[in-house]
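Enquirer: I'd like to ask some things about the structure below.
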There are 2 protein chains.
Amino acid sequence: MVTNDDGITAPGIRALIEAVRDLGDLVVIAPDKPQSGMGHAITLNSTLRIHAIQDVEGITEYSCSGTPADCVKIAIGRFLPRKPDLCVSGINHGSNSSINVIYSGTMSAAVEGCIEGIPSVGFSLCDHSLEADFSNAKRVVQKVSKKILENGLPQGTCLNVNIPKVPAEELKGIKVCRQANAIWEETFDERTDPSGRKYYWLTGYFKNLDDGKDTDEWALSQGYVSVVPVGIDFTAHRFINELQSWNLK
Amino acid sequence: MVTNDDGITAPGIRALIEAVRDLGDLVVIAPDKPQSGMGHAITLNSTLRIHAIQDVEGITEYSCSGTPADCVKIAIGRFLPRKPDLCVSGINHGSNSSINVIYSGTMSAAVEGCIEGIPSVGFSLCDHSLEADFSNAKRVVQKVSKKILENGLPQGTCLNVNIPKVPAEELKGIKVCRQANAIWEETFDERTDPSGRKYYWLTGYFKNLDDGKDTDEWALSQGYVSVVPVGIDFTAHRFINELQSWNLK
């Protein structure tokens with residue numbers, strides 16, 4: 001199963017389909033419009049529409065009016081005869097390393113696949129351009145996807161793979177990493193509409209607060225692909241004992 | 001700072017404001033419409049509008065056209081002179097226990113507060129009704145909020161508090177828990193619009209796969225309030241060694 005968050009027409013998902021098309025029978029289900037930054041949103045207060053398209057090479061593709069997580073849910077819940085062997089999401093136009101995992105529609109599709117018990121992975125290229133060169137990324141997709149099909153993934157764990165924007169000869173390899181501790185410092189661009197009323201665009205600066213050499217940010221800065229295993233148990237287990245000492249009764 | 005995901009007019013946020021109004025100076029910033037199931041969505045492809053309202057008791061309230069995470073971001077990035085001492089989100093109309101934390105707009109606001117370095121907590125009452133009785137929940141809000149103001153919370157950790165739907169005399173107390181391993185089994189309700197085209201509503205069954213007595217689901221089923229510490233490092237640390245043995249190079 002192939003999905004993404006940039007929408008079914010994005011170059012990134014076309015590159016992803018090309019990369020995995022020899023690995024098995026494909027089903028493509030992706031949003032009908034860009035859904036970047038949708039986090040793990042699902043559509044509860046509105047309805048979903050699905051359109052099936054036969055692409056030029058005979059693969060059935062579905063475009064869905066919902067979020068990336070909706071795409072995975074409706075594929076499993078309604079359109080697929082069985083659970084897929086692999087769920088690949090991306091290739092995202094732009095990084096989903098460190099704290100971006102929490103805002104990422106690409107990763108929400110992979111996480112949803114993981115919740116559904118499917119070995120799942122999100123791929124992101126650290127290049128926002130629509131004309132980005134996906135050739136490195138496609139090789140990484142093939143390598144990682146094959147490894148997942150061979151080895152499986154533990155229940156409740158998926159992978160977040162980011163590919164740096166470097167020429168092929170400068171790509172140093174693949175590093176297993178942890179999520180860097182980083183944040184966005186938001187600024188809001190205030191503008192005035194033709195009626196004189198204010199509106200805002202969310203913008204901001206990315207700030208890495210983590211100097212660890214085992215992080216995804218470090219690996220990417222050095223020209224490595226970063227692979228972070230991502231879990232779905234959000235419990236901060238290390239804080240449970242201290243919280244118990246608060247004597248909340 | 002007070003926020004929610006059911007929108008600024010929801011009874012749950014009114015109950016939350018009443019519960020915390022004696023704890024300090026309040027600022028309310030909440031979505032201008034229901035945003036349930038928005039996960040950690042942020043608004044990247046559209047603009048945000050903010051309206052300030054002076055409520056009857058003189059508290060300034062802002063309604064925001066964005067998601068719960070947007071509300072927290074724009075409050076910090078644009079409207080507040082300093083970071084608040086506490087970010088409370090809710091009181092949600094409906095449970096946000098176990099896997100619901102991942103889909104929850106209520107918790108996304110608390111998690112965003114946490115990312116911003118603010119002690120943050122989400123409160124949810126396990127009752128979807130608009131006429132729900134928030135009196136137990138308000139006492140829990142006061143108790144937990146005071147404890148957070150006294151003790152603080154570690155960087156990168158917030159709290160997910162769920163209150164069972166029971167009469168006051170049957171409420172057994174408060175338990176510190178871990179997130180239960182549970183899923184939604186989706187079903188999609190297929191309907192036909194007046195033009196003869198199909199559309200879908202997301203529905204489903206909640207399935208608890210976890211028989212641990214240290215989980216939020218167990219605590220709630222026994223009449224306890226559940227308090228789960230929630231982290232923002234999604235790395236599945238336990239899988240890092242095995243993943244390294246894959247020799248992805």
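Each chain of the structure tokens is named A, B, ... in the order shown, its residues numbered from 1; ligands are numbered from 1 in display order.
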Mind checking DSSP for region 20-214 of chain A and telling me the helix (DSSP H, G or I) residues as a PyMOL selection string?

Expert: chain A and resi 20+68-79+100-103+105-115+135-151+168-170

Enquirer: Those residues with C-alpha atoms, as a short mmCIF file (atom, residue, chain, number, x, y, z; two decimals), in the first residue's frame please?

Expert:
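And here is the file that came out, part_25.cif:
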data_model
loop_
_atom_site.label_atom_id
_atom_site.label_comp_id
_atom_site.auth_asym_id
_atom_site.auth_seq_id
_atom_site.Cartn_x
_atom_site.Cartn_y
_atom_site.Cartn_z
CA VAL A 20 8.35 -0.15 -4.98
CA PRO A 68 -3.46 10.63 5.37
CA ALA A 69 -4.71 8.67 8.42
CA ASP A 70 -8.19 8.51 6.84
CA CYS A 71 -6.64 7.07 3.65
CA VAL A 72 -5.09 4.18 5.56
CA LYS A 73 -8.22 3.59 7.64
CA ILE A 74 -10.59 3.52 4.69
CA ALA A 75 -8.24 1.36 2.61
CA ILE A 76 -8.09 -1.26 5.38
CA GLY A 77 -11.68 -0.86 6.51
CA ARG A 78 -13.37 -0.79 3.13
CA PHE A 79 -11.34 -1.27 -0.05
CA ASN A 100 8.45 17.18 12.70
CA VAL A 101 7.30 13.58 13.20
CA ILE A 102 4.49 14.93 15.37
CA TYR A 103 3.13 17.35 12.74
CA GLY A 105 0.94 13.77 7.61
CA THR A 106 3.44 11.41 5.94
CA MET A 107 4.31 9.86 9.27
CA SER A 108 0.69 9.83 10.45
CA ALA A 109 -0.12 7.49 7.56
CA ALA A 110 2.79 5.23 8.55
CA VAL A 111 1.77 5.37 12.21
CA GLU A 112 -1.83 4.52 11.29
CA GLY A 113 -0.58 1.55 9.26
CA CYS A 114 1.43 0.50 12.32
CA ILE A 115 -1.63 0.78 14.59
CA SER A 135 16.94 9.36 -7.31
CA ASN A 136 18.82 8.85 -3.99
CA ALA A 137 15.53 8.59 -2.16
CA LYS A 138 14.27 5.88 -4.52
CA ARG A 139 17.32 3.71 -3.86
CA VAL A 140 16.82 4.16 -0.11
CA VAL A 141 13.13 3.26 -0.45
CA GLN A 142 14.04 0.03 -2.22
CA LYS A 143 16.71 -0.96 0.30
CA VAL A 144 14.63 -0.21 3.40
CA SER A 145 11.40 -1.66 2.01
CA LYS A 146 13.11 -4.94 1.11
CA LYS A 147 14.64 -5.16 4.60
CA ILE A 148 11.23 -4.63 6.20
CA LEU A 149 9.66 -7.31 4.00
CA GLU A 150 12.48 -9.69 5.01
CA ASN A 151 12.61 -8.91 8.73
CA ALA A 168 24.48 10.67 -4.92
CA GLU A 169 28.27 10.71 -4.53
CA GLU A 170 28.02 12.64 -1.24
#

Enquirer: Superposition of chain B onto chain A by least squares over all sequentially paired C-alpha atoms; the transformed chain is requested as a short mmCIF file (atom, residue, chain, number, x, y, z; two decimals) with C-alpha atoms, in the first residue's frame.

Expert:
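That gives us superposed_12.cif:
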data_model
loop_
_atom_site.label_atom_id
_atom_site.label_comp_id
_atom_site.auth_asym_id
_atom_site.auth_seq_id
_atom_site.Cartn_x
_atom_site.Cartn_y
_atom_site.Cartn_z
CA MET B 1 0.00 -0.02 0.01
CA VAL B 2 1.35 3.34 -1.08
CA THR B 3 0.18 6.64 0.41
CA ASN B 4 1.42 10.14 1.21
CA ASP B 5 0.38 13.55 2.48
CA ASP B 6 1.32 15.81 -0.42
CA GLY B 7 -1.57 14.41 -2.45
CA ILE B 8 -1.92 11.77 -5.15
CA THR B 9 -0.50 14.00 -7.89
CA ALA B 10 2.72 14.93 -6.04
CA PRO B 11 6.02 13.96 -7.71
CA GLY B 12 7.10 12.30 -4.44
CA ILE B 13 4.40 9.63 -4.53
CA ARG B 14 5.11 9.00 -8.22
CA ALA B 15 8.77 8.38 -7.29
CA LEU B 16 7.65 6.09 -4.44
CA ILE B 17 5.40 4.05 -6.76
CA GLU B 18 8.29 3.62 -9.21
CA ALA B 19 10.62 2.57 -6.39
CA VAL B 20 8.36 -0.17 -4.97
CA ARG B 21 6.48 -1.35 -8.05
CA ASP B 22 8.62 -4.47 -8.46
CA LEU B 23 8.24 -5.51 -4.81
CA GLY B 24 4.66 -6.78 -5.09
CA ASP B 25 1.11 -5.89 -6.04
CA LEU B 26 0.50 -2.23 -5.34
CA VAL B 27 -2.53 -0.36 -4.12
CA VAL B 28 -2.27 3.41 -4.04
CA ILE B 29 -4.59 5.44 -1.81
CA ALA B 30 -3.69 9.05 -1.18
CA PRO B 31 -5.31 12.41 -0.40
CA ASP B 32 -6.87 14.29 -3.32
CA LYS B 33 -5.11 17.49 -2.18
CA PRO B 34 -2.03 18.47 -0.13
CA GLN B 35 -2.36 17.48 3.54
CA SER B 36 0.99 18.61 4.94
CA GLY B 37 1.05 19.30 8.66
CA MET B 38 -2.13 17.32 9.24
CA GLY B 39 -0.56 15.38 12.10
CA HIS B 40 -2.72 12.43 13.04
CA ALA B 41 -5.99 14.13 12.09
CA ILE B 42 -8.98 11.97 11.17
CA THR B 43 -12.27 13.09 9.67
CA LEU B 44 -15.03 12.82 12.28
CA ASN B 45 -17.25 15.82 11.50
CA SER B 46 -17.44 15.42 7.77
CA THR B 47 -17.82 12.75 5.12
CA LEU B 48 -15.24 11.09 2.90
CA ARG B 49 -15.27 10.70 -0.87
CA ILE B 50 -13.19 8.18 -2.78
CA HIS B 51 -12.41 8.13 -6.50
CA ALA B 52 -10.82 5.13 -8.18
CA ILE B 53 -8.48 5.82 -11.06
CA GLN B 54 -6.79 3.23 -13.29
CA ASP B 55 -3.31 4.59 -13.90
CA VAL B 56 -1.40 4.16 -17.17
CA GLU B 57 0.37 1.03 -15.97
CA GLY B 58 -2.78 -0.68 -14.71
CA ILE B 59 -2.33 -0.01 -10.99
CA THR B 60 -5.58 0.92 -9.26
CA GLU B 61 -5.23 4.20 -7.43
CA TYR B 62 -7.74 5.75 -5.06
CA SER B 63 -7.87 9.45 -4.31
CA CYS B 64 -9.52 10.27 -0.99
CA SER B 65 -10.97 13.55 0.26
CA GLY B 66 -9.64 12.92 3.78
CA THR B 67 -6.39 13.06 5.70
CA PRO B 68 -3.46 10.64 5.36
CA ALA B 69 -4.71 8.68 8.42
CA ASP B 70 -8.19 8.52 6.83
CA CYS B 71 -6.65 7.07 3.66
CA VAL B 72 -5.09 4.19 5.56
CA LYS B 73 -8.23 3.60 7.64
CA ILE B 74 -10.61 3.51 4.69
CA ALA B 75 -8.25 1.36 2.62
CA ILE B 76 -8.10 -1.26 5.39
CA GLY B 77 -11.69 -0.87 6.53
CA ARG B 78 -13.36 -0.79 3.14
CA PHE B 79 -11.34 -1.28 -0.04
CA LEU B 80 -8.66 -3.92 0.50
CA PRO B 81 -9.44 -7.63 0.51
CA ARG B 82 -6.66 -8.20 3.08
CA LYS B 83 -4.11 -6.26 5.09
CA PRO B 84 -1.14 -5.27 2.94
CA ASP B 85 2.32 -6.71 3.65
CA LEU B 86 3.82 -3.23 3.73
CA CYS B 87 2.60 0.35 4.01
CA VAL B 88 4.92 2.96 2.48
CA SER B 89 4.18 6.66 2.83
CA GLY B 90 5.82 9.54 0.97
CA ILE B 91 8.18 10.38 -0.52
CA ASN B 92 7.54 13.62 1.36
CA HIS B 93 8.69 16.88 -0.12
CA GLY B 94 10.58 18.14 2.95
CA SER B 95 12.08 16.76 6.16
CA ASN B 96 10.11 14.87 8.80
CA SER B 97 13.02 14.43 11.18
CA SER B 98 13.00 15.14 14.93
CA ILE B 99 9.90 17.00 16.23
CA ASN B 100 8.44 17.17 12.71
CA VAL B 101 7.29 13.58 13.19
CA ILE B 102 4.49 14.93 15.37
CA TYR B 103 3.12 17.35 12.74
CA SER B 104 3.74 15.13 9.75
CA GLY B 105 0.95 13.78 7.61
CA THR B 106 3.43 11.42 5.94
CA MET B 107 4.31 9.86 9.28
CA SER B 108 0.68 9.83 10.45
CA ALA B 109 -0.12 7.48 7.57
CA ALA B 110 2.79 5.22 8.55
CA VAL B 111 1.77 5.36 12.21
CA GLU B 112 -1.84 4.52 11.29
CA GLY B 113 -0.58 1.55 9.26
CA CYS B 114 1.41 0.51 12.31
CA ILE B 115 -1.64 0.79 14.58
CA GLU B 116 -3.46 -1.47 12.10
CA GLY B 117 -0.68 -4.06 12.45
CA ILE B 118 0.96 -3.46 9.06
CA PRO B 119 4.77 -3.06 8.77
CA SER B 120 4.92 0.63 7.90
CA VAL B 121 7.45 3.26 6.96
CA GLY B 122 7.46 6.94 6.01
CA PHE B 123 10.06 8.37 3.60
CA SER B 124 10.92 12.05 3.38
CA LEU B 125 13.42 13.90 1.22
CA CYS B 126 14.88 17.03 2.84
CA ASP B 127 14.02 19.16 -0.18
CA HIS B 128 10.73 21.05 -0.47
CA SER B 129 11.08 21.73 -4.17
CA LEU B 130 8.50 20.25 -6.56
CA GLU B 131 11.47 19.65 -8.90
CA ALA B 132 13.44 17.77 -6.22
CA ASP B 133 15.70 14.93 -7.37
CA PHE B 134 14.28 11.70 -5.92
CA SER B 135 16.95 9.34 -7.30
CA ASN B 136 18.84 8.84 -3.98
CA ALA B 137 15.54 8.58 -2.16
CA LYS B 138 14.28 5.87 -4.53
CA ARG B 139 17.33 3.70 -3.86
CA VAL B 140 16.82 4.16 -0.10
CA VAL B 141 13.12 3.25 -0.45
CA GLN B 142 14.04 0.01 -2.22
CA LYS B 143 16.72 -0.96 0.30
CA VAL B 144 14.64 -0.21 3.41
CA SER B 145 11.39 -1.67 2.01
CA LYS B 146 13.11 -4.95 1.10
CA LYS B 147 14.64 -5.18 4.60
CA ILE B 148 11.23 -4.64 6.19
CA LEU B 149 9.67 -7.32 3.99
CA GLU B 150 12.49 -9.71 4.99
CA ASN B 151 12.61 -8.93 8.73
CA GLY B 152 9.19 -7.53 9.61
CA LEU B 153 8.78 -4.89 12.30
CA PRO B 154 7.71 -5.40 15.92
CA GLN B 155 4.06 -4.72 16.74
CA GLY B 156 3.63 -1.02 17.52
CA THR B 157 6.81 0.15 15.78
CA CYS B 158 7.22 1.81 12.38
CA LEU B 159 10.12 3.62 10.71
CA ASN B 160 10.73 7.29 9.96
CA VAL B 161 13.28 7.57 7.14
CA ASN B 162 14.71 10.92 6.06
CA ILE B 163 17.02 11.40 3.09
CA PRO B 164 19.37 14.41 3.02
CA LYS B 165 19.50 16.72 0.00
CA VAL B 166 22.92 15.77 -1.33
CA PRO B 167 24.24 14.49 -4.67
CA ALA B 168 24.50 10.67 -4.90
CA GLU B 169 28.30 10.72 -4.53
CA GLU B 170 28.05 12.64 -1.25
CA LEU B 171 25.47 10.35 0.36
CA LYS B 172 27.43 8.64 3.14
CA GLY B 173 25.08 5.78 4.01
CA ILE B 174 22.25 4.97 6.39
CA LYS B 175 22.27 5.55 10.19
CA VAL B 176 19.83 4.19 12.76
CA CYS B 177 19.05 7.15 15.04
CA ARG B 178 16.86 8.51 17.78
CA GLN B 179 14.55 11.53 17.32
CA ALA B 180 16.50 14.73 18.07
CA ASN B 181 15.14 17.09 20.69
CA ALA B 182 14.26 20.08 18.52
CA ILE B 183 11.49 22.64 18.26
CA TRP B 184 10.01 25.23 15.95
CA GLU B 185 10.20 28.81 17.17
CA GLU B 186 7.01 30.16 15.66
CA THR B 187 6.61 33.57 14.19
CA PHE B 188 3.29 34.63 12.73
CA ASP B 189 3.26 36.77 9.64
CA GLU B 190 0.45 39.31 10.18
CA ARG B 191 -1.24 40.66 7.04
CA THR B 192 -4.29 42.76 6.28
CA ASP B 193 -6.99 41.57 3.91
CA PRO B 194 -8.71 43.84 1.32
CA SER B 195 -11.44 44.59 3.91
CA GLY B 196 -8.87 45.83 6.42
CA ARG B 197 -9.05 42.80 8.72
CA LYS B 198 -5.98 41.00 10.03
CA TYR B 199 -5.01 37.45 9.24
CA TYR B 200 -1.93 35.33 10.00
CA TRP B 201 0.38 32.87 8.31
CA LEU B 202 2.22 30.39 10.51
CA THR B 203 5.96 30.54 9.88
CA GLY B 204 8.97 29.81 12.07
CA TYR B 205 12.55 28.78 12.62
CA PHE B 206 13.69 25.25 13.27
CA LYS B 207 15.87 25.00 16.38
CA ASN B 208 17.86 21.87 17.21
CA LEU B 209 18.39 21.71 21.00
CA ASP B 210 20.22 18.38 20.89
CA ASP B 211 23.95 17.94 20.31
CA GLY B 212 23.80 14.11 20.42
CA LYS B 213 25.59 12.31 17.60
CA ASP B 214 22.98 9.55 17.70
CA THR B 215 20.15 11.79 16.48
CA ASP B 216 18.45 12.06 13.11
CA GLU B 217 19.42 15.74 12.83
CA TRP B 218 23.09 14.91 13.29
CA ALA B 219 22.98 12.08 10.74
CA LEU B 220 21.27 14.28 8.14
CA SER B 221 23.70 17.15 8.72
CA GLN B 222 26.58 14.74 8.02
CA GLY B 223 25.09 13.43 4.77
CA TYR B 224 23.57 10.21 6.12
CA VAL B 225 20.05 8.90 5.68
CA SER B 226 18.38 8.76 9.13
CA VAL B 227 16.19 5.83 10.19
CA VAL B 228 14.29 6.34 13.46
CA PRO B 229 12.04 3.59 14.87
CA VAL B 230 8.80 5.26 16.00
CA GLY B 231 6.48 3.84 18.66
CA ILE B 232 2.78 4.33 19.40
CA ASP B 233 2.95 4.06 23.18
CA PHE B 234 3.24 7.73 24.16
CA THR B 235 3.48 7.00 27.88
CA ALA B 236 6.45 8.77 29.49
CA HIS B 237 7.28 5.62 31.48
CA ARG B 238 10.27 7.21 33.21
CA PHE B 239 7.99 9.73 34.94
CA ILE B 240 5.46 7.23 36.31
CA ASN B 241 7.23 6.66 39.66
CA GLU B 242 7.68 10.35 40.36
CA LEU B 243 4.08 11.05 39.40
CA GLN B 244 2.95 8.36 41.84
CA SER B 245 4.79 10.22 44.62
CA TRP B 246 2.47 13.21 44.06
CA ASN B 247 -0.19 11.25 45.96
CA LEU B 248 -3.02 12.19 43.67
CA LYS B 249 -5.76 10.15 45.29
#

Enquirer: Please identify which residues in region 24-249 of chain B DSSP calls strand (DSSP E or B) from the backbone, and express them as a PyMOL selection string.

Expert: chain B and resi 28-31+48+50-54+60-64+87-93+120-125+157-163+173-176+178+182-192+198-208+215+224-231+235
